[in-house]
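Content type CSV, C-alpha atoms, from the file upload09.csv:
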chain,number,residue,atom,x,y,z
A,269,MET,CA,70.4,234.1,43.1
A,270,ASP,CA,67.6,231.8,42.1
A,271,ARG,CA,64.4,233.3,43.7
A,272,SER,CA,62.2,230.4,42.5
A,273,ARG,CA,64.1,227.8,44.6
A,274,THR,CA,61.9,226.3,47.3
A,275,PHE,CA,63.0,225.9,50.9
A,276,ASP,CA,63.0,222.2,51.7
A,277,LEU,CA,63.9,219.9,54.6
A,278,ASP,CA,67.6,219.8,53.6
A,279,ASP,CA,67.7,223.6,53.6
A,280,ALA,CA,65.9,223.6,57.0
A,281,ASN,CA,68.6,221.3,58.4
A,282,GLU,CA,71.4,223.4,57.0
A,283,LEU,CA,69.8,226.5,58.5
A,284,ARG,CA,69.4,224.9,61.9
A,285,ARG,CA,73.1,223.7,61.8
A,286,ALA,CA,74.4,227.1,60.6
A,287,ILE,CA,72.4,229.0,63.3
A,288,GLY,CA,73.7,226.7,66.0
A,289,GLU,CA,77.3,226.9,64.8
A,290,THR,CA,77.1,230.7,64.7
A,291,ILE,CA,75.7,230.9,68.2
A,292,ARG,CA,78.4,228.6,69.5
A,293,ALA,CA,81.1,230.7,67.8
A,294,ILE,CA,79.7,233.9,69.4
A,295,ARG,CA,79.4,232.3,72.8
A,296,ARG,CA,83.0,231.1,72.8
A,297,SER,CA,84.2,234.6,73.2
A,298,GLU,CA,82.3,235.2,76.4
A,299,THR,CA,84.1,235.0,79.7
A,300,THR,CA,80.9,235.0,81.8
A,301,PRO,CA,79.2,231.6,81.9
A,302,GLU,CA,76.4,231.4,79.3
A,303,GLY,CA,73.8,230.6,82.0
A,304,GLN,CA,74.5,233.8,83.8
A,305,ILE,CA,74.4,235.9,80.6
A,306,GLU,CA,71.1,234.3,79.7
A,307,VAL,CA,69.6,235.1,83.1
A,308,LEU,CA,70.8,238.7,82.8
A,309,GLY,CA,69.3,238.8,79.4
A,310,PHE,CA,65.9,237.6,80.6
A,311,LEU,CA,65.9,240.2,83.4
A,312,ALA,CA,67.0,243.0,81.0
A,313,ARG,CA,64.3,242.1,78.4
A,314,ASP,CA,61.4,241.2,80.7
A,315,GLY,CA,62.0,242.7,84.1
A,316,ALA,CA,62.0,240.9,87.5
A,317,PHE,CA,61.3,237.2,87.9
A,318,SER,CA,61.1,234.7,90.7
A,319,ILE,CA,63.9,232.1,90.9
A,320,ALA,CA,61.3,229.5,90.0
A,321,ALA,CA,60.3,231.4,86.9
A,322,LEU,CA,63.9,231.9,85.9
A,323,ALA,CA,64.5,228.1,86.4
A,324,ARG,CA,61.6,227.3,84.1
A,325,LEU,CA,62.8,229.8,81.4
A,326,ARG,CA,66.3,228.2,81.4
A,327,ARG,CA,64.9,224.7,81.9
A,328,VAL,CA,67.1,224.0,84.9
A,329,ARG,CA,66.3,222.8,88.4
A,330,HIS,CA,65.3,225.4,91.0
A,331,GLN,CA,68.4,224.6,93.1
A,332,SER,CA,70.7,225.3,90.1
A,333,MET,CA,69.0,228.6,89.4
A,334,ARG,CA,69.3,229.5,93.1
A,335,VAL,CA,73.1,229.0,92.8
A,336,THR,CA,73.3,231.1,89.6
A,337,VAL,CA,71.3,233.9,91.2
A,338,GLY,CA,73.5,233.7,94.2
A,339,ASP,CA,76.6,234.0,92.0
A,340,LEU,CA,75.1,237.0,90.2
A,341,GLU,CA,74.1,238.6,93.4
A,342,ALA,CA,77.6,238.2,94.9
A,343,GLN,CA,79.0,240.0,91.8
A,344,GLY,CA,76.5,242.8,92.3
A,345,LEU,CA,74.7,242.1,89.1
A,346,VAL,CA,71.2,241.3,90.5
A,347,ARG,CA,69.3,242.0,93.6
A,348,ARG,CA,66.5,240.1,95.4
A,349,SER,CA,63.5,242.0,96.7
A,350,PRO,CA,60.2,240.9,98.3
A,351,ASP,CA,57.5,239.8,95.8
A,352,PRO,CA,54.5,242.0,96.3
A,353,ALA,CA,52.2,239.2,95.0
A,354,ASP,CA,53.7,236.5,97.3
A,355,ALA,CA,54.6,237.4,100.9
A,356,ARG,CA,57.1,234.4,101.0
A,357,GLY,CA,58.5,234.9,97.6
A,358,VAL,CA,61.4,237.0,96.2
A,359,LEU,CA,61.9,238.7,92.8
A,360,VAL,CA,65.3,238.9,91.1
A,361,SER,CA,66.0,242.1,89.2
A,362,LEU,CA,69.0,243.7,87.5
A,363,THR,CA,71.2,246.2,89.2
A,364,ASP,CA,72.8,249.0,87.3
A,365,ALA,CA,76.0,247.0,87.1
A,366,GLY,CA,74.0,244.0,85.7
A,367,ARG,CA,72.4,246.2,83.1
A,368,ALA,CA,75.8,247.6,82.1
A,369,MET,CA,77.2,244.1,81.9
A,370,ILE,CA,74.5,242.8,79.6
A,371,ASP,CA,74.6,245.9,77.5
A,372,GLU,CA,78.4,245.5,77.1
A,373,SER,CA,78.0,241.8,76.3
A,374,ARG,CA,75.5,242.5,73.6
A,375,THR,CA,77.6,245.3,72.1
A,376,ARG,CA,80.7,243.0,72.2
A,377,ARG,CA,78.8,240.1,70.4
A,378,SER,CA,77.3,242.4,67.8
A,379,THR,CA,80.7,244.0,67.1
A,380,ARG,CA,82.1,240.5,66.6
A,381,ILE,CA,79.4,239.7,64.1
A,382,LEU,CA,79.8,243.0,62.2
A,383,THR,CA,83.6,242.6,62.1
A,384,ALA,CA,83.3,239.0,60.8
A,385,ALA,CA,80.7,240.0,58.2
A,386,GLU,CA,82.8,242.9,56.9
A,387,SER,CA,85.9,240.7,56.6
A,388,ALA,CA,84.4,237.5,55.3
A,389,LEU,CA,81.3,238.4,53.2
A,390,THR,CA,80.7,240.2,50.0
A,391,PRO,CA,78.5,243.3,49.9
A,392,GLU,CA,75.7,241.2,48.5
A,393,GLU,CA,76.0,238.7,51.3
A,394,ARG,CA,76.0,241.5,53.9
A,395,ALA,CA,72.8,242.8,52.3
A,396,VAL,CA,71.2,239.4,52.8
A,397,LEU,CA,72.2,239.5,56.5
A,398,ALA,CA,70.7,243.0,56.8
A,399,ARG,CA,67.3,241.5,56.0
A,400,ALA,CA,67.9,238.2,57.8
A,401,ALA,CA,67.0,239.4,61.4
A,402,GLY,CA,63.4,240.3,60.3
A,403,VAL,CA,63.0,237.0,58.5
A,404,LEU,CA,64.3,235.0,61.5
A,405,ASP,CA,62.0,237.0,63.8
A,406,LYS,CA,59.0,235.9,61.7
A,407,LEU,CA,60.3,232.3,61.8
A,408,THR,CA,60.7,232.5,65.6
A,409,VAL,CA,57.1,233.7,66.0
A,410,ALA,CA,55.9,230.8,63.8
A,411,LEU,CA,58.0,228.3,65.7
A,412,GLU,CA,56.7,229.6,69.1
A,413,HIS,CA,53.1,229.6,67.8
A,414,ASP,CA,53.5,226.0,66.6
A,415,GLY,CA,54.9,224.9,70.0
A,416,GLN,CA,52.0,226.5,71.8
A,417,GLU,CA,49.5,224.7,69.7
A,418,ARG,CA,51.2,221.3,70.3
A,419,SER,CA,51.2,221.8,74.1
A,420,VAL,CA,47.5,222.4,74.3

As a first step, turn the structure in this file into structure tokens.
Amino acid sequence: MDRSRTFDLDDANELRRAIGETIRAIRRSETTPEGQIEVLGFLARDGAFSIAALARLRRVRHQSMRVTVGDLEAQGLVRRSPDPADARGVLVSLTDAGRAMIDESRTRRSTRILTAAESALTPEERAVLARAAGVLDKLTVALEHDGQERSV
């Protein structure tokens, strides 16, 4: 491997494309709609949210999120409770069944990645992947920081 090679715009474009293709390949195996999985993931990571806050996170209309939350609630995956900070508001949180579903989904996706890596990649390539998450986390922080500076 050439360690002196620079990372340029063509490399950035290839990385963006590859990450997108990988995410789409992983999502294709899910039977639950991605929007529902994403909402469950937000709730699992960050706790309860209002419907309006979930809509902002997913960048969808409030009405669309109300339908998604209604579907998840009908499946017993989320519950609504009064918002202690807003007498008229409600907070959406995971139920135990919702937590189990998101945990199972994450395990299923991770297992697919591991299985594919073991079958398609050399040991050296798998070693690169073992370090990739930390590198991508740093890149994500930089991208989020850059986005915050631009919105000010």

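Atom CA of A:Arg377 is found 6.3 Å from atom CA of A:Ile294.
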
- Query: Which residues, written as a list in words, have at least one atom at most 12 Å from A:Thr299, with all atoms listed in the file counted and residues fewer than 4 positions away on the same chain left out?
  - Reply: Ile294, Arg295, Gly303, Gln304, Ile305, Met369, Ser373, Arg376 and Arg377 of chain A

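Proximity of A:Gly402, A:Ile381, A:Val337, A:Ser387 to A:Thr290, computed with all atoms listed in the file, is greatest for A:Ile381.
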
- One residue among A:Ala395, A:Phe317, A:Leu389, A:Ala293 is nearest to A:Pro350 when using all atoms listed in the file, and that residue is A:Phe317

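Comparing A:Val358, A:Thr300, A:Arg399, A:Thr363 by their smallest distance to A:Leu322, the closest is A:Val358 (using all atoms listed in the file).
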
- Item | Within 10 Å of file point (72.2, 238.1, 78.8), counting all atoms listed in the file, expressed as number ranges by chain | A: 300, 302-313, 366-367, 369-374

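The space between atom CA of A:Pro391 and atom CA of A:Thr274 spans 23.9 Å.
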
- Find the spatial neighbours of A:Ala321, counting all atoms listed in the file, within a cut-off of 12 Å - ignore same-chain residues fewer than 5 positions away - and output them as a PyMOL selection string. chain A and resi 307+310-311+314-316+326-330+333-334+357-360

- Could you please determine the separation between atom CA of A:Asp364 and atom CA of A:Ala323 in Å, to one decimal place? 22.5 Å

Per residue of stretch 279-383 of chain A within 12 Å of stretch 406-413 of chain A, note the shortest atom pair and the distance in Å to one decimal, counting all atoms listed in the file, and order the rows by chain and increasing residue number, as CSV.
residue,atom,partner,partner_atom,distance
A:Ala280,CA,A:Leu407,CA,11.4
A:Leu283,CA,A:Leu407,CA,11.6
A:Arg284,CA,A:Leu407,CA,11.7

Taking the block just given, write stretch 377-410 of chain A to a file that holds N, CA, C and O atoms, as a PDB file, in the first residue's frame.
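Just written: decode_10.pdb:
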ATOM      1  N   ARG A 377     -27.739  -6.736  10.613  1.00  0.00           N
ATOM      2  CA  ARG A 377     -26.954  -5.949   9.656  1.00  0.00           C
ATOM      3  C   ARG A 377     -25.457  -6.163   9.879  1.00  0.00           C
ATOM      4  O   ARG A 377     -24.697  -6.338   8.929  1.00  0.00           O
ATOM      5  N   SER A 378     -25.042  -6.143  11.132  1.00  0.00           N
ATOM      6  CA  SER A 378     -23.618  -6.345  11.436  1.00  0.00           C
ATOM      7  C   SER A 378     -23.159  -7.736  11.030  1.00  0.00           C
ATOM      8  O   SER A 378     -22.043  -7.912  10.522  1.00  0.00           O
ATOM      9  N   THR A 379     -23.999  -8.733  11.237  1.00  0.00           N
ATOM     10  CA  THR A 379     -23.663 -10.102  10.843  1.00  0.00           C
ATOM     11  C   THR A 379     -23.518 -10.205   9.332  1.00  0.00           C
ATOM     12  O   THR A 379     -22.604 -10.872   8.836  1.00  0.00           O
ATOM     13  N   ARG A 380     -24.389  -9.530   8.596  1.00  0.00           N
ATOM     14  CA  ARG A 380     -24.265  -9.523   7.126  1.00  0.00           C
ATOM     15  C   ARG A 380     -22.942  -8.911   6.698  1.00  0.00           C
ATOM     16  O   ARG A 380     -22.272  -9.411   5.793  1.00  0.00           O
ATOM     17  N   ILE A 381     -22.555  -7.818   7.343  1.00  0.00           N
ATOM     18  CA  ILE A 381     -21.288  -7.166   7.001  1.00  0.00           C
ATOM     19  C   ILE A 381     -20.122  -8.102   7.295  1.00  0.00           C
ATOM     20  O   ILE A 381     -19.223  -8.284   6.469  1.00  0.00           O
ATOM     21  N   LEU A 382     -20.131  -8.719   8.478  1.00  0.00           N
ATOM     22  CA  LEU A 382     -19.050  -9.633   8.857  1.00  0.00           C
ATOM     23  C   LEU A 382     -18.965 -10.808   7.897  1.00  0.00           C
ATOM     24  O   LEU A 382     -17.877 -11.155   7.418  1.00  0.00           O
ATOM     25  N   THR A 383     -20.090 -11.416   7.592  1.00  0.00           N
ATOM     26  CA  THR A 383     -20.110 -12.569   6.692  1.00  0.00           C
ATOM     27  C   THR A 383     -19.581 -12.196   5.304  1.00  0.00           C
ATOM     28  O   THR A 383     -18.773 -12.918   4.721  1.00  0.00           O
ATOM     29  N   ALA A 384     -20.036 -11.038   4.794  1.00  0.00           N
ATOM     30  CA  ALA A 384     -19.565 -10.592   3.480  1.00  0.00           C
ATOM     31  C   ALA A 384     -18.070 -10.312   3.512  1.00  0.00           C
ATOM     32  O   ALA A 384     -17.343 -10.680   2.582  1.00  0.00           O
ATOM     33  N   ALA A 385     -17.599  -9.671   4.575  1.00  0.00           N
ATOM     34  CA  ALA A 385     -16.166  -9.365   4.683  1.00  0.00           C
ATOM     35  C   ALA A 385     -15.338 -10.642   4.735  1.00  0.00           C
ATOM     36  O   ALA A 385     -14.291 -10.736   4.092  1.00  0.00           O
ATOM     37  N   GLU A 386     -15.803 -11.621   5.492  1.00  0.00           N
ATOM     38  CA  GLU A 386     -15.058 -12.883   5.606  1.00  0.00           C
ATOM     39  C   GLU A 386     -15.019 -13.637   4.282  1.00  0.00           C
ATOM     40  O   GLU A 386     -14.026 -14.306   3.986  1.00  0.00           O
ATOM     41  N   SER A 387     -16.072 -13.507   3.485  1.00  0.00           N
ATOM     42  CA  SER A 387     -16.103 -14.262   2.234  1.00  0.00           C
ATOM     43  C   SER A 387     -15.451 -13.526   1.064  1.00  0.00           C
ATOM     44  O   SER A 387     -14.971 -14.168   0.132  1.00  0.00           O
ATOM     45  N   ALA A 388     -15.428 -12.190   1.096  1.00  0.00           N
ATOM     46  CA  ALA A 388     -14.985 -11.443  -0.081  1.00  0.00           C
ATOM     47  C   ALA A 388     -13.646 -10.738   0.078  1.00  0.00           C
ATOM     48  O   ALA A 388     -13.053 -10.342  -0.927  1.00  0.00           O
ATOM     49  N   LEU A 389     -13.169 -10.568   1.305  1.00  0.00           N
ATOM     50  CA  LEU A 389     -11.978  -9.749   1.521  1.00  0.00           C
ATOM     51  C   LEU A 389     -10.804 -10.573   2.024  1.00  0.00           C
ATOM     52  O   LEU A 389     -10.973 -11.570   2.719  1.00  0.00           O
ATOM     53  N   THR A 390      -9.622 -10.094   1.699  1.00  0.00           N
ATOM     54  CA  THR A 390      -8.398 -10.718   2.206  1.00  0.00           C
ATOM     55  C   THR A 390      -8.225 -10.335   3.676  1.00  0.00           C
ATOM     56  O   THR A 390      -8.844  -9.370   4.150  1.00  0.00           O
ATOM     57  N   PRO A 391      -7.366 -11.037   4.398  1.00  0.00           N
ATOM     58  CA  PRO A 391      -7.093 -10.636   5.786  1.00  0.00           C
ATOM     59  C   PRO A 391      -6.600  -9.189   5.891  1.00  0.00           C
ATOM     60  O   PRO A 391      -6.979  -8.468   6.814  1.00  0.00           O
ATOM     61  N   GLU A 392      -5.789  -8.748   4.942  1.00  0.00           N
ATOM     62  CA  GLU A 392      -5.299  -7.371   4.963  1.00  0.00           C
ATOM     63  C   GLU A 392      -6.440  -6.376   4.764  1.00  0.00           C
ATOM     64  O   GLU A 392      -6.485  -5.329   5.424  1.00  0.00           O
ATOM     65  N   GLU A 393      -7.359  -6.690   3.868  1.00  0.00           N
ATOM     66  CA  GLU A 393      -8.505  -5.802   3.641  1.00  0.00           C
ATOM     67  C   GLU A 393      -9.418  -5.766   4.867  1.00  0.00           C
ATOM     68  O   GLU A 393      -9.944  -4.707   5.223  1.00  0.00           O
ATOM     69  N   ARG A 394      -9.588  -6.918   5.525  1.00  0.00           N
ATOM     70  CA  ARG A 394     -10.389  -6.933   6.756  1.00  0.00           C
ATOM     71  C   ARG A 394      -9.711  -6.114   7.849  1.00  0.00           C
ATOM     72  O   ARG A 394     -10.383  -5.458   8.651  1.00  0.00           O
ATOM     73  N   ALA A 395      -8.387  -6.111   7.883  1.00  0.00           N
ATOM     74  CA  ALA A 395      -7.657  -5.287   8.859  1.00  0.00           C
ATOM     75  C   ALA A 395      -7.910  -3.802   8.597  1.00  0.00           C
ATOM     76  O   ALA A 395      -8.032  -3.011   9.542  1.00  0.00           O
ATOM     77  N   VAL A 396      -8.003  -3.415   7.330  1.00  0.00           N
ATOM     78  CA  VAL A 396      -8.333  -2.023   6.997  1.00  0.00           C
ATOM     79  C   VAL A 396      -9.731  -1.699   7.525  1.00  0.00           C
ATOM     80  O   VAL A 396      -9.950  -0.649   8.130  1.00  0.00           O
ATOM     81  N   LEU A 397     -10.674  -2.607   7.307  1.00  0.00           N
ATOM     82  CA  LEU A 397     -12.039  -2.381   7.804  1.00  0.00           C
ATOM     83  C   LEU A 397     -12.074  -2.284   9.329  1.00  0.00           C
ATOM     84  O   LEU A 397     -12.868  -1.524   9.885  1.00  0.00           O
ATOM     85  N   ALA A 398     -11.225  -3.035  10.000  1.00  0.00           N
ATOM     86  CA  ALA A 398     -11.199  -3.000  11.465  1.00  0.00           C
ATOM     87  C   ALA A 398     -10.845  -1.601  11.971  1.00  0.00           C
ATOM     88  O   ALA A 398     -11.285  -1.203  13.052  1.00  0.00           O
ATOM     89  N   ARG A 399     -10.080  -0.852  11.197  1.00  0.00           N
ATOM     90  CA  ARG A 399      -9.708   0.513  11.567  1.00  0.00           C
ATOM     91  C   ARG A 399     -10.660   1.560  10.980  1.00  0.00           C
ATOM     92  O   ARG A 399     -10.663   2.710  11.404  1.00  0.00           O
ATOM     93  N   ALA A 400     -11.450   1.170  10.003  1.00  0.00           N
ATOM     94  CA  ALA A 400     -12.252   2.133   9.245  1.00  0.00           C
ATOM     95  C   ALA A 400     -13.311   2.835  10.091  1.00  0.00           C
ATOM     96  O   ALA A 400     -13.561   4.029   9.891  1.00  0.00           O
ATOM     97  N   ALA A 401     -13.947   2.157  11.019  1.00  0.00           N
ATOM     98  CA  ALA A 401     -15.023   2.786  11.797  1.00  0.00           C
ATOM     99  C   ALA A 401     -14.511   4.014  12.543  1.00  0.00           C
ATOM    100  O   ALA A 401     -15.159   5.075  12.534  1.00  0.00           O
ATOM    101  N   GLY A 402     -13.366   3.900  13.175  1.00  0.00           N
ATOM    102  CA  GLY A 402     -12.808   5.040  13.900  1.00  0.00           C
ATOM    103  C   GLY A 402     -12.470   6.196  12.977  1.00  0.00           C
ATOM    104  O   GLY A 402     -12.706   7.367  13.306  1.00  0.00           O
ATOM    105  N   VAL A 403     -11.940   5.882  11.812  1.00  0.00           N
ATOM    106  CA  VAL A 403     -11.614   6.917  10.833  1.00  0.00           C
ATOM    107  C   VAL A 403     -12.889   7.582  10.332  1.00  0.00           C
ATOM    108  O   VAL A 403     -12.967   8.818  10.229  1.00  0.00           O
ATOM    109  N   LEU A 404     -13.915   6.787  10.027  1.00  0.00           N
ATOM    110  CA  LEU A 404     -15.180   7.352   9.555  1.00  0.00           C
ATOM    111  C   LEU A 404     -15.865   8.169  10.646  1.00  0.00           C
ATOM    112  O   LEU A 404     -16.511   9.192  10.353  1.00  0.00           O
ATOM    113  N   ASP A 405     -15.738   7.755  11.906  1.00  0.00           N
ATOM    114  CA  ASP A 405     -16.289   8.551  13.012  1.00  0.00           C
ATOM    115  C   ASP A 405     -15.643   9.934  13.050  1.00  0.00           C
ATOM    116  O   ASP A 405     -16.322  10.949  13.220  1.00  0.00           O
ATOM    117  N   LYS A 406     -14.329   9.988  12.893  1.00  0.00           N
ATOM    118  CA  LYS A 406     -13.628  11.275  12.877  1.00  0.00           C
ATOM    119  C   LYS A 406     -14.079  12.122  11.693  1.00  0.00           C
ATOM    120  O   LYS A 406     -14.284  13.338  11.818  1.00  0.00           O
ATOM    121  N   LEU A 407     -14.252  11.492  10.543  1.00  0.00           N
ATOM    122  CA  LEU A 407     -14.728  12.205   9.359  1.00  0.00           C
ATOM    123  C   LEU A 407     -16.135  12.752   9.601  1.00  0.00           C
ATOM    124  O   LEU A 407     -16.431  13.898   9.249  1.00  0.00           O
ATOM    125  N   THR A 408     -16.998  11.960  10.228  1.00  0.00           N
ATOM    126  CA  THR A 408     -18.365  12.395  10.521  1.00  0.00           C
ATOM    127  C   THR A 408     -18.369  13.615  11.436  1.00  0.00           C
ATOM    128  O   THR A 408     -19.107  14.579  11.194  1.00  0.00           O
ATOM    129  N   VAL A 409     -17.544  13.598  12.464  1.00  0.00           N
ATOM    130  CA  VAL A 409     -17.455  14.753  13.364  1.00  0.00           C
ATOM    131  C   VAL A 409     -17.026  15.991  12.578  1.00  0.00           C
ATOM    132  O   VAL A 409     -17.594  17.075  12.739  1.00  0.00           O
ATOM    133  N   ALA A 410     -16.041  15.845  11.709  1.00  0.00           N
ATOM    134  CA  ALA A 410     -15.573  16.981  10.904  1.00  0.00           C
ATOM    135  C   ALA A 410     -16.669  17.482   9.968  1.00  0.00           C
ATOM    136  O   ALA A 410     -16.853  18.693   9.799  1.00  0.00           O
TER     137      ALA A 410
END
